[in-house]
Each structure stands twice: as structure tokens, then as C-alpha cells.
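Student: Once you've had a glance at the structure underneath, I'll fire off some questions.
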Amino acid sequence: DGVHLVQRVPPPLHLHLSTSLQPMTPAPLRLLCRVWFGATLAVACLLLGAATRVLHLLPISLELSEDLSVSTAAVLFRLMLRVNPQIRVINTAREADWDRLAACSPAMILMNHTSFFDFFLFTALLPPRFVRRAHVRTVMSASIAQLPFLGRSIGDHAGSFKVYFQAKGAGFGKGDASDFSVDRARQEAETARMEAHIKRRGVLAFCPEGGMNKTPSEGLNPFRRGSFAQAAKYSTPIWGAALHGSTAAWPRDALLGGDPSTVALSLEQLTLLPPPVATATAADLAEACQEAMQRQVDRLATLARGGARTEGGATRARAS
């Protein structure tokens with residue numbers, strides 16, 4: 001049918017990680033962790049805001065300015081995680097995986113989305129070398145780009161592409177979760193920018209569920225078919241960046257995260273699209289990728305619950 005799922009065996013497991021901090025964290029400790037996390041997040045965001053504004057003023061190309069802005073965000077959020085030892089990170093993505101992804105660009109990276117923490121975790125684990133080589137850009141709700149101070153840094157300055165949802169708060173964990181209609185007039189310009197980015201062999205990262213999944217225990221929400229239009233049109237390879245544990249680190253009903261938890265990321269190629277793609281439609285891709293990514297998410301959850309870690313990758317799990 002033109003769509004081939006890639007079956008991957010998880011990387012070998014090494015050292016075991018204690019999960020003693022996970023169950024029933026006392027309220028005073030949780031509050032202390034959230035205050036510390038909030039302070040470090042504020043510092044990281046202030047530094048990022050200042051850095052991207054300076055980069056935007058330098059006499060360099062727009063593409064380089066955006067690459068450096070994304071790389072700066074990756075470094076700062078990685079440092080933020082390192083000074084929050086209550087959040088343990090399992091990263092199974094190896095440098096070789098990111099190199100393979102860059103080599104097959106243009107490509108798309110899909111992320112499951114369950115918490116505000118997802119953005120910080122995914123960005124923190126992006127290798128700056130990969131960002132500069134693949135020119136990775138994210139697709140985000142236009143409402144996120146309007147956040148005070150930080151919105152511009154992770155939006156326009158980072159070259160992110162906006163989705164103009166008509167429902168207020170949609171795609172941001174608020175609003176009508178079932179209404180993914182967009183402002184077509186404004187969205188056409190963003191779609192044209194995305195296609196130009198793909199033609200320049202860039203990488204797009206986005207959440208195919210369209211918004212925050214409020215019931216992740218029931219599985220991934222249906223993937224939005226429109227998200228795969230460019231992949232079908234340009235025969236774009238699709239990768240999955242599965243995230244686990246974000247709701248434990250930052251519960252959806254909490255103003256701030258930072259709770260003791262184990263979070264994890266894995267990177268796998270989901271589909272191979274041999275040119276020319278004769279029969280693969282956006283709907284075909286959405287269905288195939290959802291099935292493949294559900295298996296990836298399930299494997300990562302099993303690994304994380306087992307308390308194991310793997311070597312290699314931008315951020316390693318911290319042993320007790």
C-alpha cells in the first residue's frame with residue numbers, strides 16, 4: 001500500500017535505576033520540588049528570551065538565527081533538568097539515531113502530548129548538532145506563541161510554525177478538545193512556509209493528536225489526517241519521539257511541575273515511504289503512524305516502569 005512500518009528492537013538495557021522517589025511523595029517535598037523547578041524554569045526562560053532577542057538582531061541569516069535559538073533552548077532546558085535531580089531522565093535516543101534522522105531529511109517527528117512538560121523534555125534532548133544539521137522546527141498552537149516573553153523565543157525566533165485554531169485554547173490543553181478547526185485564511189500562509197521548509201530539506205516536529213491527550217491511559221488520541229498532508233505529498237519519512245512520564249513530572253491540573261518522577265524519551269523511525277508514493281494518502285499515513293507509535297509508547301512505558309536506563313544520548317538517567 002506504499003506505507004511500510006519499521007519494526008525496531010529497543011536498544012539493550014544497562015544499569016538499573018531506583019524508583020523509590022516515585023510512589024506517594026509527601027506534600028511538603030512535592031511543594032519544595034515545584035518551587036525549585038519553577039525557579040529554575042524561570043531562569044532558563046529569562047536567559048532564553050534574552051539570548052534569542054540578541055540572536056535575532058545579529059547580522060546573520062534568518063535560518064542560522066533560528067537554528068541557534070533552538071539550540072540555545074535545548075542547552076538551557078537540558079541544564080534545567082540536570083539541576084532538578086528529582087526528575088530522572090531515561091533517554092534511549094542515541095547520537096546515531098539523530099544522525100540517521102538528519103541524513104534522511106526532509107523528515108517529520110511525531111510526539112505524543114500529555115503534559116506541558118513534553119515541550120521541555122523533547123527540546124532538552126535535542127542534540128544541538130542535529131538542530132543545526134537538520135534545521136528542526138516545531139509546529140505549535142498560535143496561542144503558545146503569545147505567551148509573555150517566552151512565546152516569542154519559542155515561536156517566531158525559533159522559526160516555529162503556528163496553527164491558528166478557531167476554538168479558544170484548543171491545542172493548549174484547554175478549550176473544546178474535539179474542535180480542531182482552523183482559520184483557513186491565516187493557516188494557508190503557515191502551510192506555505194511549512195512546504196518551503198520541507199523543500200529545503202528541513203525537519204518538522206509536531207503533535208499529531210492535535211492537542212493534549214487528557215486520557216493517555218486509554219491510548220493515543222486519533223491522529224489528525226491533515227497533519228500528514230505534506231508527508232504524503234513529498235514522500236517524507238516519519239519518525240516518532242515517544243515521551244513517557246510527563247504527567248508525573250507536571251500533572252495536567254498543576255500550575256507548576258517538578259514532582260519527583262521518571263521521564264523517558266525514545267526515537268524510532270515509524271514509516272518508510274519509497275518514492276513514488278502511489279497509494280499512500282494522508283489518512284493512510286495517519287493510521288499507520290498511530291499504530292506504530294502506540295507500540296513505541298507502550299515499549300517505552302514498559303522500559304521506564306522497569307527502572308532501566310540505556311547508555312548513549314544527549315541526557316542520561318541519573319543513578320541514585
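Within each chain, counting starts at residue 1; across the C-alpha cells, chains are named A, B, ... in the order shown, with ligands numbered 1 upward in that order.
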Write out as a PDB file with N, CA and C atoms, in the first residue's frame the residues lying within 9 Å of region 105-112 of chain A, counting only C-alpha atoms and excluding same-chain residues fewer than 2 positions away.
Tutor:
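Final output, saved to selection31.pdb:
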```pdb
ATOM      1  N   ARG A 100      20.928   9.449  11.723  1.00  0.00           N
ATOM      2  CA  ARG A 100      20.131   8.781  10.687  1.00  0.00           C
ATOM      3  C   ARG A 100      18.938   9.642  10.297  1.00  0.00           C
ATOM      4  N   LEU A 101      18.325  10.267  11.290  1.00  0.00           N
ATOM      5  CA  LEU A 101      17.178  11.121  11.003  1.00  0.00           C
ATOM      6  C   LEU A 101      17.610  12.313  10.141  1.00  0.00           C
ATOM      7  N   ALA A 102      18.718  12.938  10.509  1.00  0.00           N
ATOM      8  CA  ALA A 102      19.206  14.085   9.742  1.00  0.00           C
ATOM      9  C   ALA A 102      19.556  13.687   8.316  1.00  0.00           C
ATOM     10  N   ALA A 103      20.116  12.486   8.163  1.00  0.00           N
ATOM     11  CA  ALA A 103      20.548  12.028   6.845  1.00  0.00           C
ATOM     12  C   ALA A 103      19.374  11.787   5.906  1.00  0.00           C
ATOM     13  N   THR A 114       0.890  14.814  26.481  1.00  0.00           N
ATOM     14  CA  THR A 114       0.043  14.582  27.649  1.00  0.00           C
ATOM     15  C   THR A 114       0.195  15.645  28.733  1.00  0.00           C
ATOM     16  N   ASP A 118       6.046  18.067  28.219  1.00  0.00           N
ATOM     17  CA  ASP A 118       6.508  17.429  26.987  1.00  0.00           C
ATOM     18  C   ASP A 118       7.440  18.328  26.184  1.00  0.00           C
ATOM     19  N   PHE A 122      11.296  17.219  25.321  1.00  0.00           N
ATOM     20  CA  PHE A 122      11.709  16.985  23.933  1.00  0.00           C
ATOM     21  C   PHE A 122      12.812  17.958  23.522  1.00  0.00           C
ATOM     22  N   ALA A 134      19.844  19.560  10.677  1.00  0.00           N
ATOM     23  CA  ALA A 134      18.526  19.223  10.126  1.00  0.00           C
ATOM     24  C   ALA A 134      17.551  20.392  10.138  1.00  0.00           C
ATOM     25  N   HIS A 197       9.877  24.909   3.907  1.00  0.00           N
ATOM     26  CA  HIS A 197      10.851  24.321   4.830  1.00  0.00           C
ATOM     27  C   HIS A 197      11.169  22.882   4.435  1.00  0.00           C
ATOM     28  N   ILE A 198      10.149  22.132   4.059  1.00  0.00           N
ATOM     29  CA  ILE A 198      10.355  20.749   3.620  1.00  0.00           C
ATOM     30  C   ILE A 198      11.178  20.712   2.337  1.00  0.00           C
ATOM     31  N   LYS A 199      10.901  21.614   1.418  1.00  0.00           N
ATOM     32  CA  LYS A 199      11.654  21.655   0.168  1.00  0.00           C
ATOM     33  C   LYS A 199      13.115  21.993   0.404  1.00  0.00           C
ATOM     34  N   ARG A 200      13.404  22.701   1.506  1.00  0.00           N
ATOM     35  CA  ARG A 200      14.802  23.000   1.867  1.00  0.00           C
ATOM     36  C   ARG A 200      15.415  21.864   2.692  1.00  0.00           C
ATOM     37  N   ARG A 201      14.723  20.746   2.762  1.00  0.00           N
ATOM     38  CA  ARG A 201      15.182  19.550   3.470  1.00  0.00           C
ATOM     39  C   ARG A 201      15.238  19.770   4.980  1.00  0.00           C
ATOM     40  N   GLY A 202      14.283  20.495   5.496  1.00  0.00           N
ATOM     41  CA  GLY A 202      14.200  20.700   6.928  1.00  0.00           C
ATOM     42  C   GLY A 202      13.372  19.616   7.603  1.00  0.00           C
ATOM     43  N   VAL A 203      13.386  19.602   8.942  1.00  0.00           N
ATOM     44  CA  VAL A 203      12.640  18.630   9.744  1.00  0.00           C
ATOM     45  C   VAL A 203      11.535  19.354  10.499  1.00  0.00           C
ATOM     46  N   LEU A 204      10.343  18.769  10.497  1.00  0.00           N
ATOM     47  CA  LEU A 204       9.193  19.299  11.230  1.00  0.00           C
ATOM     48  C   LEU A 204       8.879  18.393  12.410  1.00  0.00           C
ATOM     49  N   ALA A 205       8.650  18.981  13.586  1.00  0.00           N
ATOM     50  CA  ALA A 205       8.253  18.224  14.774  1.00  0.00           C
ATOM     51  C   ALA A 205       6.889  18.723  15.228  1.00  0.00           C
ATOM     52  N   PHE A 206       5.961  17.794  15.456  1.00  0.00           N
ATOM     53  CA  PHE A 206       4.625  18.218  15.853  1.00  0.00           C
ATOM     54  C   PHE A 206       3.903  17.097  16.596  1.00  0.00           C
ATOM     55  N   CYS A 207       2.773  17.466  17.214  1.00  0.00           N
ATOM     56  CA  CYS A 207       1.938  16.522  17.951  1.00  0.00           C
ATOM     57  C   CYS A 207       0.747  16.149  17.080  1.00  0.00           C
ATOM     58  N   PRO A 208       0.718  14.957  16.511  1.00  0.00           N
ATOM     59  CA  PRO A 208      -0.336  14.595  15.560  1.00  0.00           C
ATOM     60  C   PRO A 208      -1.714  14.416  16.188  1.00  0.00           C
ATOM     61  N   GLU A 209      -1.776  14.343  17.529  1.00  0.00           N
ATOM     62  CA  GLU A 209      -3.084  14.224  18.177  1.00  0.00           C
ATOM     63  C   GLU A 209      -3.844  15.549  18.143  1.00  0.00           C
ATOM     64  N   MET A 212      -3.519  18.272  23.707  1.00  0.00           N
ATOM     65  CA  MET A 212      -3.095  17.468  24.847  1.00  0.00           C
ATOM     66  C   MET A 212      -4.057  16.302  25.075  1.00  0.00           C
ATOM     67  N   ASN A 213      -3.503  15.109  25.182  1.00  0.00           N
ATOM     68  CA  ASN A 213      -4.289  13.907  25.464  1.00  0.00           C
ATOM     69  C   ASN A 213      -4.558  13.841  26.968  1.00  0.00           C
ATOM     70  N   LEU A 220      -3.287   6.546  22.539  1.00  0.00           N
ATOM     71  CA  LEU A 220      -3.162   7.791  21.797  1.00  0.00           C
ATOM     72  C   LEU A 220      -4.515   8.237  21.257  1.00  0.00           C
ATOM     73  N   ASN A 221      -4.721   9.537  21.222  1.00  0.00           N
ATOM     74  CA  ASN A 221      -5.909  10.069  20.553  1.00  0.00           C
ATOM     75  C   ASN A 221      -5.746   9.910  19.042  1.00  0.00           C
ATOM     76  N   ALA A 231       3.517  15.045   4.297  1.00  0.00           N
ATOM     77  CA  ALA A 231       4.253  13.777   4.250  1.00  0.00           C
ATOM     78  C   ALA A 231       3.822  12.955   3.049  1.00  0.00           C
ATOM     79  N   TYR A 234       5.114  14.844  -0.267  1.00  0.00           N
ATOM     80  CA  TYR A 234       6.554  14.895  -0.530  1.00  0.00           C
ATOM     81  C   TYR A 234       7.289  13.602  -0.173  1.00  0.00           C
ATOM     82  N   SER A 235       6.556  12.527   0.093  1.00  0.00           N
ATOM     83  CA  SER A 235       7.174  11.232   0.442  1.00  0.00           C
ATOM     84  C   SER A 235       8.157  11.382   1.599  1.00  0.00           C
ATOM     85  N   THR A 236       7.705  12.031   2.654  1.00  0.00           N
ATOM     86  CA  THR A 236       8.579  12.362   3.777  1.00  0.00           C
ATOM     87  C   THR A 236       8.660  11.224   4.792  1.00  0.00           C
ATOM     88  N   PRO A 237       9.853  10.747   5.117  1.00  0.00           N
ATOM     89  CA  PRO A 237       9.985   9.751   6.187  1.00  0.00           C
ATOM     90  C   PRO A 237       9.442  10.312   7.507  1.00  0.00           C
ATOM     91  N   ILE A 238       8.863   9.444   8.317  1.00  0.00           N
ATOM     92  CA  ILE A 238       8.238   9.875   9.563  1.00  0.00           C
ATOM     93  C   ILE A 238       8.865   9.128  10.736  1.00  0.00           C
ATOM     94  N   TRP A 239       9.256   9.880  11.752  1.00  0.00           N
ATOM     95  CA  TRP A 239       9.866   9.330  12.964  1.00  0.00           C
ATOM     96  C   TRP A 239       8.969   9.620  14.154  1.00  0.00           C
ATOM     97  N   GLY A 240       9.114   8.808  15.184  1.00  0.00           N
ATOM     98  CA  GLY A 240       8.361   9.021  16.412  1.00  0.00           C
ATOM     99  C   GLY A 240       9.288   9.343  17.563  1.00  0.00           C
ATOM    100  N   ALA A 241       8.982  10.417  18.281  1.00  0.00           N
ATOM    101  CA  ALA A 241       9.677  10.742  19.529  1.00  0.00           C
ATOM    102  C   ALA A 241       8.672  10.491  20.649  1.00  0.00           C
ATOM    103  N   ALA A 242       8.703   9.277  21.191  1.00  0.00           N
ATOM    104  CA  ALA A 242       7.753   8.903  22.239  1.00  0.00           C
ATOM    105  C   ALA A 242       8.213   9.476  23.569  1.00  0.00           C
ATOM    106  N   LEU A 243       7.266  10.040  24.315  1.00  0.00           N
ATOM    107  CA  LEU A 243       7.553  10.634  25.620  1.00  0.00           C
ATOM    108  C   LEU A 243       6.751   9.896  26.682  1.00  0.00           C
ATOM    109  N   HIS A 244       7.377   9.685  27.832  1.00  0.00           N
ATOM    110  CA  HIS A 244       6.704   8.981  28.928  1.00  0.00           C
ATOM    111  C   HIS A 244       6.998   9.677  30.243  1.00  0.00           C
ATOM    112  N   LEU A 267      13.393   7.409  20.317  1.00  0.00           N
ATOM    113  CA  LEU A 267      13.330   7.905  18.940  1.00  0.00           C
ATOM    114  C   LEU A 267      13.394   6.719  17.994  1.00  0.00           C
ATOM    115  N   GLN A 269      12.193   5.317  13.816  1.00  0.00           N
ATOM    116  CA  GLN A 269      11.588   5.592  12.524  1.00  0.00           C
ATOM    117  C   GLN A 269      10.322   4.758  12.401  1.00  0.00           C
ATOM    118  N   CYS A 289       0.889   5.421  11.214  1.00  0.00           N
ATOM    119  CA  CYS A 289       1.773   6.019  12.217  1.00  0.00           C
ATOM    120  C   CYS A 289       1.198   5.898  13.620  1.00  0.00           C
ATOM    121  N   MET A 293       3.260   4.145  16.485  1.00  0.00           N
ATOM    122  CA  MET A 293       3.680   4.947  17.636  1.00  0.00           C
ATOM    123  C   MET A 293       3.057   4.447  18.930  1.00  0.00           C
ATOM    124  N   VAL A 297       5.199   3.855  22.210  1.00  0.00           N
ATOM    125  CA  VAL A 297       4.862   4.421  23.519  1.00  0.00           C
ATOM    126  C   VAL A 297       4.736   3.314  24.566  1.00  0.00           C
TER     127      VAL A 297
END
```
Student: Quick one: everything within 10 Å of Ala50 (chain A), counting only C-alpha atoms, minus sequence neighbours fewer than 4 positions away in the same chain. Send it as a ChimeraX atom specification.
Tutor: /A:45-46,54-55,149-150,153
Student: Output C-alpha atoms for every residue in that selection, as a CSV table (one decimal), in the first residue's frame.
Tutor:
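Below is the file selection04.csv, written as the result:
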```csv
chain,number,residue,atom,x,y,z
A,45,CYS,CA,13.2,31.1,30.2
A,46,LEU,CA,14.6,34.5,31.0
A,54,VAL,CA,20.2,39.1,20.7
A,55,LEU,CA,20.5,36.4,18.1
A,149,PHE,CA,8.3,36.8,27.0
A,150,LEU,CA,8.8,33.0,26.3
A,153,SER,CA,11.5,32.9,21.8
```
Student: What's the separation between CA of Ser141 (chain A) and CA of Asp67 (chain A), in Å to one decimal place?
Tutor: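 CA of Asp67 (chain A) lies 20.1 Å from CA of Ser141 (chain A).
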Student: Please extract the residues of region 148-308 of chain A with a backbone DSSP assignment of strand (DSSP E) and present them as a PDB file with N, CA and C atoms, in the first residue's frame.
Tutor:
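Generated file (out-v8.pdb):
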```pdb
ATOM      1  N   PHE A 161       6.224  26.966  13.403  1.00  0.00           N
ATOM      2  CA  PHE A 161       5.054  27.158  12.563  1.00  0.00           C
ATOM      3  C   PHE A 161       3.808  27.135  13.441  1.00  0.00           C
ATOM      4  N   LYS A 162       2.904  28.057  13.203  1.00  0.00           N
ATOM      5  CA  LYS A 162       1.728  28.217  14.055  1.00  0.00           C
ATOM      6  C   LYS A 162       0.506  27.529  13.449  1.00  0.00           C
ATOM      7  N   VAL A 163      -0.345  27.029  14.336  1.00  0.00           N
ATOM      8  CA  VAL A 163      -1.645  26.503  13.943  1.00  0.00           C
ATOM      9  C   VAL A 163      -2.691  27.430  14.551  1.00  0.00           C
ATOM     10  N   VAL A 203      13.386  19.602   8.942  1.00  0.00           N
ATOM     11  CA  VAL A 203      12.640  18.630   9.744  1.00  0.00           C
ATOM     12  C   VAL A 203      11.535  19.354  10.499  1.00  0.00           C
ATOM     13  N   LEU A 204      10.343  18.769  10.497  1.00  0.00           N
ATOM     14  CA  LEU A 204       9.193  19.299  11.230  1.00  0.00           C
ATOM     15  C   LEU A 204       8.879  18.393  12.410  1.00  0.00           C
ATOM     16  N   ALA A 205       8.650  18.981  13.586  1.00  0.00           N
ATOM     17  CA  ALA A 205       8.253  18.224  14.774  1.00  0.00           C
ATOM     18  C   ALA A 205       6.889  18.723  15.228  1.00  0.00           C
ATOM     19  N   PHE A 206       5.961  17.794  15.456  1.00  0.00           N
ATOM     20  CA  PHE A 206       4.625  18.218  15.853  1.00  0.00           C
ATOM     21  C   PHE A 206       3.903  17.097  16.596  1.00  0.00           C
ATOM     22  N   ILE A 238       8.863   9.444   8.317  1.00  0.00           N
ATOM     23  CA  ILE A 238       8.238   9.875   9.563  1.00  0.00           C
ATOM     24  C   ILE A 238       8.865   9.128  10.736  1.00  0.00           C
ATOM     25  N   TRP A 239       9.256   9.880  11.752  1.00  0.00           N
ATOM     26  CA  TRP A 239       9.866   9.330  12.964  1.00  0.00           C
ATOM     27  C   TRP A 239       8.969   9.620  14.154  1.00  0.00           C
ATOM     28  N   GLY A 240       9.114   8.808  15.184  1.00  0.00           N
ATOM     29  CA  GLY A 240       8.361   9.021  16.412  1.00  0.00           C
ATOM     30  C   GLY A 240       9.288   9.343  17.563  1.00  0.00           C
ATOM     31  N   ALA A 241       8.982  10.417  18.281  1.00  0.00           N
ATOM     32  CA  ALA A 241       9.677  10.742  19.529  1.00  0.00           C
ATOM     33  C   ALA A 241       8.672  10.491  20.649  1.00  0.00           C
ATOM     34  N   ALA A 242       8.703   9.277  21.191  1.00  0.00           N
ATOM     35  CA  ALA A 242       7.753   8.903  22.239  1.00  0.00           C
ATOM     36  C   ALA A 242       8.213   9.476  23.569  1.00  0.00           C
ATOM     37  N   LEU A 243       7.266  10.040  24.315  1.00  0.00           N
ATOM     38  CA  LEU A 243       7.553  10.634  25.620  1.00  0.00           C
ATOM     39  C   LEU A 243       6.751   9.896  26.682  1.00  0.00           C
ATOM     40  N   HIS A 244       7.377   9.685  27.832  1.00  0.00           N
ATOM     41  CA  HIS A 244       6.704   8.981  28.928  1.00  0.00           C
ATOM     42  C   HIS A 244       6.998   9.677  30.243  1.00  0.00           C
ATOM     43  N   SER A 261       9.851  12.136  39.771  1.00  0.00           N
ATOM     44  CA  SER A 261       9.309  11.288  38.703  1.00  0.00           C
ATOM     45  C   SER A 261      10.435  10.756  37.838  1.00  0.00           C
ATOM     46  N   THR A 262      10.085   9.797  37.010  1.00  0.00           N
ATOM     47  CA  THR A 262      10.980   9.304  35.969  1.00  0.00           C
ATOM     48  C   THR A 262      10.332   9.588  34.634  1.00  0.00           C
ATOM     49  N   VAL A 263      11.033  10.300  33.778  1.00  0.00           N
ATOM     50  CA  VAL A 263      10.532  10.620  32.447  1.00  0.00           C
ATOM     51  C   VAL A 263      11.444   9.953  31.429  1.00  0.00           C
ATOM     52  N   ALA A 264      10.912   9.732  30.228  1.00  0.00           N
ATOM     53  CA  ALA A 264      11.698   8.996  29.237  1.00  0.00           C
ATOM     54  C   ALA A 264      11.358   9.458  27.831  1.00  0.00           C
ATOM     55  N   LEU A 265      12.321   9.259  26.928  1.00  0.00           N
ATOM     56  CA  LEU A 265      12.140   9.554  25.506  1.00  0.00           C
ATOM     57  C   LEU A 265      12.778   8.463  24.682  1.00  0.00           C
ATOM     58  N   SER A 266      12.110   8.076  23.588  1.00  0.00           N
ATOM     59  CA  SER A 266      12.702   7.173  22.618  1.00  0.00           C
ATOM     60  C   SER A 266      12.502   7.750  21.230  1.00  0.00           C
ATOM     61  N   LEU A 267      13.393   7.409  20.317  1.00  0.00           N
ATOM     62  CA  LEU A 267      13.330   7.905  18.940  1.00  0.00           C
ATOM     63  C   LEU A 267      13.394   6.719  17.994  1.00  0.00           C
ATOM     64  N   GLU A 268      12.367   6.577  17.166  1.00  0.00           N
ATOM     65  CA  GLU A 268      12.312   5.463  16.220  1.00  0.00           C
ATOM     66  C   GLU A 268      11.734   5.927  14.895  1.00  0.00           C
ATOM     67  N   GLN A 269      12.193   5.317  13.816  1.00  0.00           N
ATOM     68  CA  GLN A 269      11.588   5.592  12.524  1.00  0.00           C
ATOM     69  C   GLN A 269      10.322   4.758  12.401  1.00  0.00           C
ATOM     70  N   LEU A 270       9.211   5.433  12.075  1.00  0.00           N
ATOM     71  CA  LEU A 270       7.911   4.766  12.028  1.00  0.00           C
ATOM     72  C   LEU A 270       7.575   4.240  10.647  1.00  0.00           C
ATOM     73  N   THR A 271       7.866   4.998   9.610  1.00  0.00           N
ATOM     74  CA  THR A 271       7.498   4.595   8.261  1.00  0.00           C
ATOM     75  C   THR A 271       8.608   4.869   7.272  1.00  0.00           C
ATOM     76  N   LEU A 272       8.644   4.083   6.242  1.00  0.00           N
ATOM     77  CA  LEU A 272       9.489   4.326   5.083  1.00  0.00           C
ATOM     78  C   LEU A 272       8.570   4.533   3.894  1.00  0.00           C
ATOM     79  N   ALA A 308      14.960   0.914  34.130  1.00  0.00           N
ATOM     80  CA  ALA A 308      16.246   0.710  33.483  1.00  0.00           C
ATOM     81  C   ALA A 308      16.703   1.961  32.783  1.00  0.00           C
TER      82      ALA A 308
END
```
Student: Need the shell around Cys33 (chain A): protein/DNA/RNA residues with any atom at most 9 Å away, counting only C-alpha atoms. Skip same-chain ones fewer than 3 positions apart. Format as a VMD selection string?
Tutor: chain A and resid 28 to 30 36 to 38 84 86 257 to 260
Student: Taking the DSSP secondary structure from the backbone, can you list the residues of region 7-144 of chain A that are helix (DSSP H, G or I), as a count of residues only?
Tutor: 77
Student: With distances taken over only C-alpha atoms, which of A:Gly306, A:Gly226, A:Pro85, A:Gly211 is nearest to Ser115 (chain A)?
Tutor: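 Checking each of A:Gly306, A:Gly226, A:Pro85, A:Gly211 against Ser115 (chain A), counting only C-alpha atoms, the winner is A:Gly211.
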